[in-house]
file final31.cif (mmCIF, C-alpha atoms)
data_protein
#
loop_
_atom_site.group_PDB
_atom_site.id
_atom_site.type_symbol
_atom_site.label_atom_id
_atom_site.label_comp_id
_atom_site.auth_asym_id
_atom_site.auth_seq_id
_atom_site.Cartn_x
_atom_site.Cartn_y
_atom_site.Cartn_z
ATOM 1 C CA MET A 21 142.417 2.633 5.298
ATOM 2 C CA LYS A 22 144.278 5.241 7.316
ATOM 3 C CA THR A 23 146.208 7.666 5.182
ATOM 4 C CA GLY A 24 147.253 10.377 7.627
ATOM 5 C CA MET A 25 146.221 13.120 5.175
ATOM 6 C CA VAL A 26 144.924 16.407 6.542
ATOM 7 C CA ARG A 27 142.695 18.776 4.592
ATOM 8 C CA LYS A 28 141.071 22.104 5.442
ATOM 9 C CA ILE A 29 137.378 22.795 5.006
ATOM 10 C CA ASP A 30 136.884 25.950 2.903
ATOM 11 C CA GLU A 31 134.448 28.793 3.610
ATOM 12 C CA LEU A 32 131.665 26.975 1.739
ATOM 13 C CA GLY A 33 132.123 23.766 3.753
ATOM 14 C CA ARG A 34 133.889 21.892 0.943
ATOM 15 C CA ILE A 35 136.779 19.524 1.291
ATOM 16 C CA VAL A 36 138.924 18.004 -1.443
ATOM 17 C CA ILE A 37 139.131 14.236 -1.402
ATOM 18 C CA PRO A 38 142.814 13.493 -2.038
ATOM 19 C CA LYS A 39 143.700 12.046 -5.431
ATOM 20 C CA GLU A 40 145.130 8.866 -3.902
ATOM 21 C CA ILE A 41 141.848 8.115 -2.149
ATOM 22 C CA ARG A 42 139.775 8.925 -5.251
ATOM 23 C CA ARG A 43 141.997 6.595 -7.299
ATOM 24 C CA ASN A 44 141.790 3.764 -4.742
ATOM 25 C CA LEU A 45 137.995 4.052 -4.539
ATOM 26 C CA LYS A 46 137.643 4.602 -8.304
ATOM 27 C CA LEU A 47 135.824 7.896 -7.757
ATOM 28 C CA ASN A 48 135.657 10.148 -10.799
ATOM 29 C CA MET A 49 134.302 13.596 -11.470
ATOM 30 C CA GLY A 50 130.517 13.383 -11.593
ATOM 31 C CA ASP A 51 130.268 10.284 -9.392
ATOM 32 C CA VAL A 52 127.685 10.543 -6.642
ATOM 33 C CA VAL A 53 128.733 9.873 -3.048
ATOM 34 C CA GLU A 54 126.685 9.331 0.076
ATOM 35 C CA ILE A 55 127.875 11.171 3.181
ATOM 36 C CA TYR A 56 126.814 10.140 6.667
ATOM 37 C CA VAL A 57 128.063 10.072 10.249
ATOM 38 C CA GLU A 58 128.800 6.807 12.050
ATOM 39 C CA ASP A 59 130.519 6.497 15.441
ATOM 40 C CA ASN A 60 131.506 10.170 15.350
ATOM 41 C CA LYS A 61 133.186 9.701 11.945
ATOM 42 C CA ILE A 62 132.213 11.208 8.604
ATOM 43 C CA ILE A 63 131.799 8.413 6.053
ATOM 44 C CA PHE A 64 131.964 8.931 2.284
ATOM 45 C CA LYS A 65 130.544 6.048 0.299
ATOM 46 C CA ARG A 66 129.884 5.620 -3.403
ATOM 47 C CA PHE A 67 126.131 6.096 -3.818
ATOM 48 C CA SER A 68 124.173 3.626 -5.878
ATOM 49 C CA THR A 69 120.789 4.481 -7.298
ATOM 50 C CA LEU A 70 120.445 1.066 -8.957
ATOM 51 C CA LEU A 71 120.728 -0.902 -5.736
ATOM 52 C CA GLY A 72 117.172 -1.492 -4.646
ATOM 53 C CA LEU A 73 116.027 -1.866 -8.262
ATOM 54 C CA GLU A 74 117.588 -5.306 -8.702
ATOM 55 C CA GLU A 75 114.277 -7.181 -8.817
ATOM 56 C CA ASP A 76 112.871 -4.822 -11.470
ATOM 57 C CA LEU A 77 116.105 -5.003 -13.478
ATOM 58 C CA PHE A 78 116.088 -8.798 -13.263
ATOM 59 C CA ASN A 79 112.506 -8.932 -14.555
ATOM 60 C CA ILE A 80 113.367 -6.557 -17.420
ATOM 61 C CA ALA A 81 116.378 -8.720 -18.305
ATOM 62 C CA LYS A 82 114.210 -11.832 -18.249
ATOM 63 C CA VAL A 83 111.569 -10.295 -20.555
ATOM 64 C CA ILE A 84 114.231 -9.169 -23.043
ATOM 65 C CA ASN A 85 115.886 -12.589 -22.945
ATOM 66 C CA GLU A 86 112.559 -14.280 -23.647
ATOM 67 C CA GLN A 87 112.096 -11.946 -26.637
ATOM 68 C CA ASN A 88 115.491 -12.309 -28.332
ATOM 69 C CA GLY A 89 117.641 -14.764 -26.342
ATOM 70 C CA ALA A 90 120.130 -12.075 -25.309
ATOM 71 C CA THR A 91 122.176 -12.120 -22.148
ATOM 72 C CA ILE A 92 121.344 -8.900 -20.325
ATOM 73 C CA LEU A 93 123.615 -7.308 -17.728
ATOM 74 C CA PHE A 94 123.117 -4.242 -15.563
ATOM 75 C CA VAL A 95 126.179 -2.509 -14.159
ATOM 76 C CA ASP A 96 126.075 -0.290 -11.105
ATOM 77 C CA GLN A 97 129.005 2.096 -11.603
ATOM 78 C CA ASP A 98 131.728 -0.552 -11.445
ATOM 79 C CA LYS A 99 130.124 -3.915 -10.664
ATOM 80 C CA ILE A 100 127.701 -6.110 -12.586
ATOM 81 C CA ILE A 101 124.740 -6.398 -10.214
ATOM 82 C CA VAL A 102 122.076 -8.108 -12.345
ATOM 83 C CA GLY A 103 122.375 -10.625 -15.139
ATOM 84 C CA TYR A 104 120.006 -12.888 -17.004
ATOM 85 C CA GLY A 105 120.728 -15.275 -19.853
ATOM 86 C CA LYS A 106 123.045 -18.161 -20.516
ATOM 87 C CA LEU A 107 126.246 -16.053 -20.415
ATOM 88 C CA SER A 108 125.357 -14.165 -17.237
ATOM 89 C CA GLU A 109 127.311 -16.526 -14.968
ATOM 90 C CA ASN A 110 130.523 -15.294 -16.666
ATOM 91 C CA TYR A 111 129.822 -11.774 -15.449
ATOM 92 C CA LEU A 112 127.594 -11.595 -12.389
ATOM 93 C CA ASP A 113 129.146 -9.832 -9.371
ATOM 94 C CA LYS A 114 132.346 -9.060 -11.281
ATOM 95 C CA GLU A 115 133.903 -5.653 -11.627
ATOM 96 C CA ILE A 116 133.570 -4.137 -15.083
ATOM 97 C CA LEU A 117 136.688 -2.712 -16.680
ATOM 98 C CA ARG A 118 136.824 1.040 -16.131
ATOM 99 C CA GLU A 119 137.519 1.817 -19.793
ATOM 100 C CA ILE A 120 134.246 0.116 -20.772
ATOM 101 C CA TYR A 121 132.356 2.216 -18.273
ATOM 102 C CA GLU A 122 134.049 5.426 -19.366
ATOM 103 C CA LYS A 123 133.444 5.019 -23.113
ATOM 104 C CA SER A 124 129.846 3.857 -22.886
ATOM 105 C CA HIS A 125 128.059 7.079 -22.034
ATOM 106 C CA GLU A 126 125.756 7.234 -25.010
ATOM 107 C CA THR A 127 122.036 7.628 -25.502
ATOM 108 C CA PHE A 128 121.903 4.738 -27.964
ATOM 109 C CA PHE A 129 123.577 1.340 -27.861
ATOM 110 C CA ASN A 130 127.224 1.203 -28.944
ATOM 111 C CA LYS A 131 128.135 -2.054 -30.692
ATOM 112 C CA TYR A 132 131.356 -3.963 -29.889
ATOM 113 C CA LYS A 133 132.900 -7.334 -30.725
ATOM 114 C CA ASP A 134 135.893 -9.160 -29.241
ATOM 115 C CA ILE A 135 136.182 -6.942 -26.176
ATOM 116 C CA SER A 136 136.639 -7.605 -22.492
ATOM 117 C CA LEU A 137 133.963 -6.388 -20.117
ATOM 118 C CA VAL A 138 135.737 -7.927 -17.135
ATOM 119 C CA SER A 139 139.365 -8.833 -16.671
ATOM 120 C CA ASP A 140 140.562 -12.178 -18.031
ATOM 121 C CA TYR A 141 137.575 -12.806 -20.314
ATOM 122 C CA ILE A 142 137.119 -11.694 -23.928
ATOM 123 C CA GLU A 143 133.611 -11.931 -25.326
ATOM 124 C CA ASP A 144 133.585 -12.986 -28.986
ATOM 125 C CA ARG A 145 129.904 -12.160 -29.493
ATOM 126 C CA GLN A 146 128.322 -8.836 -30.427
ATOM 127 C CA ILE A 147 127.880 -6.652 -27.345
ATOM 128 C CA TYR A 148 125.642 -3.598 -27.139
ATOM 129 C CA ILE A 149 126.233 -1.084 -24.345
ATOM 130 C CA THR A 150 124.408 2.065 -23.291
ATOM 131 C CA SER A 151 124.425 4.181 -20.163
ATOM 132 C CA LEU A 152 121.636 4.493 -17.633
ATOM 133 C CA HIS A 153 121.532 8.188 -16.872
ATOM 134 C CA ASN A 154 119.389 11.102 -15.877
ATOM 135 C CA LYS A 155 120.181 14.766 -15.411
ATOM 136 C CA LYS A 156 123.671 14.138 -16.837
ATOM 137 C CA ILE A 157 124.506 11.692 -14.018
ATOM 138 C CA ILE A 158 125.588 8.220 -15.123
ATOM 139 C CA HIS A 159 124.109 5.633 -12.759
ATOM 140 C CA GLY A 160 125.225 2.498 -14.553
ATOM 141 C CA LEU A 161 125.236 0.558 -17.798
ATOM 142 C CA PHE A 162 122.769 -1.614 -19.691
ATOM 143 C CA ILE A 163 124.586 -4.350 -21.635
ATOM 144 C CA ALA A 164 123.067 -6.794 -24.114
ATOM 145 C CA ILE A 165 125.076 -9.715 -25.523
ATOM 146 C CA GLU A 166 123.813 -11.524 -28.619
ATOM 147 C CA ASN A 167 123.374 -15.260 -28.278
ATOM 148 C CA GLU A 168 121.962 -17.459 -31.077
ATOM 149 C CA HIS A 169 120.764 -14.764 -33.447
ATOM 150 C CA HIS A 170 121.798 -11.238 -34.333
ATOM 151 C CA PHE A 171 119.694 -8.384 -33.039
ATOM 152 C CA GLU A 172 117.280 -6.823 -35.445
ATOM 153 C CA GLN A 173 116.330 -3.164 -35.218
ATOM 154 C CA LYS A 174 113.128 -4.115 -33.369
ATOM 155 C CA ASP A 175 115.257 -5.805 -30.658
ATOM 156 C CA LEU A 176 117.296 -2.642 -30.173
ATOM 157 C CA ASP A 177 114.132 -0.523 -30.150
ATOM 158 C CA ILE A 178 112.583 -2.694 -27.422
ATOM 159 C CA MET A 179 115.750 -2.499 -25.328
ATOM 160 C CA LEU A 180 115.874 1.286 -25.742
ATOM 161 C CA GLN A 181 112.284 1.499 -24.490
ATOM 162 C CA PHE A 182 113.258 -0.488 -21.394
ATOM 163 C CA LYS A 183 116.267 1.812 -20.953
ATOM 164 C CA LYS A 184 113.962 4.851 -21.042
ATOM 165 C CA PHE A 185 111.723 3.195 -18.453
ATOM 166 C CA ILE A 186 114.673 2.527 -16.128
ATOM 167 C CA CYS A 187 115.939 6.099 -16.533
ATOM 168 C CA LYS A 188 112.446 7.401 -15.670
ATOM 169 C CA GLN A 189 112.568 5.287 -12.501
ATOM 170 C CA LEU A 190 115.887 6.952 -11.635
ATOM 171 C CA ASP A 191 114.223 10.376 -11.940
ATOM 172 C CA SER A 192 111.689 9.566 -9.235
#
call {"tool": "encode", "arguments": {"input": "final31.cif", "output": "structure tokens"}}
result
Amino acid sequence: MKTGMVRKIDELGRIVIPKEIRRNLKLNMGDVVEIYVEDNKIIFKRFSTLLGLEEDLFNIAKVINEQNGATILFVDQDKIIVGYGKLSENYLDKEILREIYEKSHETFFNKYKDISLVSDYIEDRQIYITSLHNKKIIHGLFIAIENEHHFEQKDLDIMLQFKKFICKQLDS
């Protein structure tokens, strides 16, 4: 994407990424970017701390599913990267709606019903969403969708323990 925009570097070495580019790349305040040089060009790329943890996240999703039958999804900033459970095929590798990502920055699970996580699909089951964060940086989302039975408090407690484990992994 060539935009023809010119920006000055300030005395501290900072540069403002133009609003049009931030909007096109869905970059928001607080997002983490990776900066590197390739072929004499400076590249800015959305940084993902969850990529590389997919196998661990998959195993966590599988254990939770075996416990309570839930479909478990892990979102990396804007895309669902890991899913396990019978509804996961509806979501895997799809982009999550930005408004879901933006309103789900809580320590505990928020409960929803009849909402869309991705465009063109409304989920009529109970959905529980919480953020995966450390040091006030949101790395992604942990989503649990009820299947045959409703979650009991013990189900939510187990999932919160797994969330804490994942967030500890993000710290290291």
call {"tool": "residues_around", "arguments": {"input": "final31.cif", "residues": "Phe128 (chain A)", "least_positions_apart": "2", "cutoff": "10 Å", "atoms": "all atoms listed in the file", "output": "number ranges by chain"}}
result
A: 124-126, 130-131, 148-151, 176-177, 179-180, 183
call {"tool": "closest_residue", "arguments": {"input": "final31.cif", "among": "A:Gly105, A:Arg66, A:Asp134, A:Val52", "to": "Val83 (chain A)", "atoms": "all atoms listed in the file"}}
result
A:Gly105
call {"tool": "atom_distance", "arguments": {"input": "final31.cif", "atom1": "CA of Leu32 (chain A)", "atom2": "CA of Phe64 (chain A)"}}
result
18.1 Å
call {"tool": "atom_distance", "arguments": {"input": "final31.cif", "atom1": "CA of Glu74 (chain A)", "atom2": "CA of Ile158 (chain A)"}}
result
17.0 Å
call {"tool": "atom_distance", "arguments": {"input": "final31.cif", "atom1": "CA of Glu122 (chain A)", "atom2": "CA of Val138 (chain A)"}}
result
13.6 Å
call {"tool": "residues_around", "arguments": {"input": "final31.cif", "residues": "Leu77 (chain A)", "least_positions_apart": "5", "cutoff": "9 Å", "atoms": "only C-alpha atoms", "output": "list in words"}}
result
Leu70, Lys82, Leu93, Phe94, Val102, Gly103 and Ile186 of chain A
call {"tool": "closest_residue", "arguments": {"input": "final31.cif", "among": "A:Gln146, A:His170, A:Leu47, A:Ile120", "to": "Lys65 (chain A)", "atoms": "all atoms listed in the file"}}
result
A:Leu47
call {"tool": "residues_near_point", "arguments": {"input": "final31.cif", "point": "(122.8, -10.8, -28.0)", "cutoff": "7 Å", "atoms": "only C-alpha atoms", "output": "ChimeraX atom specification"}}
result
/A:89-91,146-147,164-167,170-171
call {"tool": "residues_around", "arguments": {"input": "final31.cif", "residues": "Glu115 (chain A)", "least_positions_apart": "3", "cutoff": "10 Å", "atoms": "only C-alpha atoms", "output": "PyMOL selection string"}}
result
chain A and resi 95-101+111-112+118+137-139
call {"tool": "axis_aligned_box", "arguments": {"input": "final31.cif", "around": "region 126-137 of chain A", "padding_each_side": "4 Å", "output": "JSON"}}
result
{"center_x": 129.3, "center_y": -0.8, "center_z": -25.4, "size_x": 22.7, "size_y": 24.8, "size_z": 18.6}
call {"tool": "closest_residue", "arguments": {"input": "final31.cif", "among": "A:Leu107, A:Ile41, A:Val36, A:Met49", "to": "Gly24 (chain A)", "atoms": "all atoms listed in the file"}}
result
A:Ile41
call {"tool": "resolve_selection", "arguments": {"input": "final31.cif", "expression": "the PyMOL selection byres ((chain A and resi 55) around 9)", "output": "VMD selection string"}}
result
chain A and resid 53 to 54 56 to 57 62 to 67
call {"tool": "decode", "arguments": {"input": "final31.cif", "residues": "region 61-138 of chain A", "atoms": "C-alpha atoms", "output": "JSON list (two decimals), in the first residue's frame"}}
result
[["chain", "number", "residue", "atom", "x", "y", "z"],
["A", 61, "LYS", "CA", 12.65, -0.37, 4.39],
["A", 62, "ILE", "CA", 11.25, 0.15, 7.88],
["A", 63, "ILE", "CA", 8.38, -2.30, 8.44],
["A", 64, "PHE", "CA", 5.67, -1.82, 11.07],
["A", 65, "LYS", "CA", 3.71, -4.97, 11.80],
["A", 66, "ARG", "CA", 1.07, -5.75, 14.40],
["A", 67, "PHE", "CA", 2.87, -7.78, 17.08],
["A", 68, "SER", "CA", 1.30, -10.95, 18.36],
["A", 69, "THR", "CA", 2.31, -12.46, 21.66],
["A", 70, "LEU", "CA", -0.17, -15.32, 21.30],
["A", 71, "LEU", "CA", 1.30, -16.63, 18.07],
["A", 72, "GLY", "CA", 3.69, -19.34, 19.12],
["A", 73, "LEU", "CA", 1.40, -20.39, 21.97],
["A", 74, "GLU", "CA", -1.15, -22.05, 19.69],
["A", 75, "GLU", "CA", -0.32, -25.61, 20.77],
["A", 76, "ASP", "CA", -0.63, -24.71, 24.47],
["A", 77, "LEU", "CA", -3.87, -22.81, 23.83],
["A", 78, "PHE", "CA", -5.27, -25.74, 21.86],
["A", 79, "ASN", "CA", -4.47, -28.14, 24.72],
["A", 80, "ILE", "CA", -6.09, -25.78, 27.25],
["A", 81, "ALA", "CA", -9.19, -25.54, 25.05],
["A", 82, "LYS", "CA", -9.32, -29.32, 24.75],
["A", 83, "VAL", "CA", -9.08, -29.84, 28.54],
["A", 84, "ILE", "CA", -11.85, -27.30, 29.18],
["A", 85, "ASN", "CA", -14.03, -28.88, 26.50],
["A", 86, "GLU", "CA", -13.56, -32.31, 28.07],
["A", 87, "GLN", "CA", -14.62, -30.83, 31.43],
["A", 88, "ASN", "CA", -17.78, -28.96, 30.40],
["A", 89, "GLY", "CA", -18.39, -29.47, 26.66],
["A", 90, "ALA", "CA", -17.77, -25.80, 25.85],
["A", 91, "THR", "CA", -16.45, -24.51, 22.57],
["A", 92, "ILE", "CA", -13.32, -22.54, 23.42],
["A", 93, "LEU", "CA", -11.87, -19.84, 21.17],
["A", 94, "PHE", "CA", -8.71, -17.77, 21.52],
["A", 95, "VAL", "CA", -8.50, -14.48, 19.67],
["A", 96, "ASP", "CA", -5.23, -12.80, 18.80],
["A", 97, "GLN", "CA", -6.12, -9.10, 18.59],
["A", 98, "ASP", "CA", -8.48, -9.41, 15.63],
["A", 99, "LYS", "CA", -8.46, -13.02, 14.41],
["A", 100, "ILE", "CA", -9.58, -16.27, 16.01],
["A", 101, "ILE", "CA", -6.40, -18.36, 16.02],
["A", 102, "VAL", "CA", -7.35, -21.39, 18.14],
["A", 103, "GLY", "CA", -10.65, -23.16, 18.58],
["A", 104, "TYR", "CA", -11.78, -26.43, 20.07],
["A", 105, "GLY", "CA", -15.28, -27.84, 20.37],
["A", 106, "LYS", "CA", -18.16, -28.60, 18.07],
["A", 107, "LEU", "CA", -18.85, -24.93, 17.18],
["A", 108, "SER", "CA", -15.22, -24.01, 16.52],
["A", 109, "GLU", "CA", -15.48, -24.57, 12.75],
["A", 110, "ASN", "CA", -17.89, -21.59, 12.61],
["A", 111, "TYR", "CA", -15.16, -19.31, 13.92],
["A", 112, "LEU", "CA", -11.64, -20.57, 13.29],
["A", 113, "ASP", "CA", -9.43, -18.19, 11.26],
["A", 114, "LYS", "CA", -12.19, -15.58, 11.04],
["A", 115, "GLU", "CA", -11.84, -11.96, 12.02],
["A", 116, "ILE", "CA", -13.64, -11.03, 15.22],
["A", 117, "LEU", "CA", -15.85, -7.96, 15.15],
["A", 118, "ARG", "CA", -13.96, -4.98, 16.53],
["A", 119, "GLU", "CA", -16.76, -3.97, 18.91],
["A", 120, "ILE", "CA", -16.52, -7.37, 20.62],
["A", 121, "TYR", "CA", -12.81, -6.94, 21.09],
["A", 122, "GLU", "CA", -13.17, -3.39, 22.39],
["A", 123, "LYS", "CA", -15.86, -4.12, 25.00],
["A", 124, "SER", "CA", -14.33, -7.31, 26.37],
["A", 125, "HIS", "CA", -11.44, -5.95, 28.40],
["A", 126, "GLU", "CA", -12.44, -7.33, 31.76],
["A", 127, "THR", "CA", -10.75, -9.40, 34.42],
["A", 128, "PHE", "CA", -13.74, -11.73, 34.72],
["A", 129, "PHE", "CA", -15.92, -13.29, 32.04],
["A", 130, "ASN", "CA", -18.65, -11.08, 30.57],
["A", 131, "LYS", "CA", -21.78, -13.03, 29.62],
["A", 132, "TYR", "CA", -23.61, -12.44, 26.30],
["A", 133, "LYS", "CA", -26.42, -14.06, 24.33],
["A", 134, "ASP", "CA", -27.58, -13.55, 20.74],
["A", 135, "ILE", "CA", -24.50, -11.63, 19.63],
["A", 136, "SER", "CA", -22.23, -11.82, 16.63],
["A", 137, "LEU", "CA", -18.57, -12.56, 17.20],
["A", 138, "VAL", "CA", -17.87, -12.59, 13.48]]
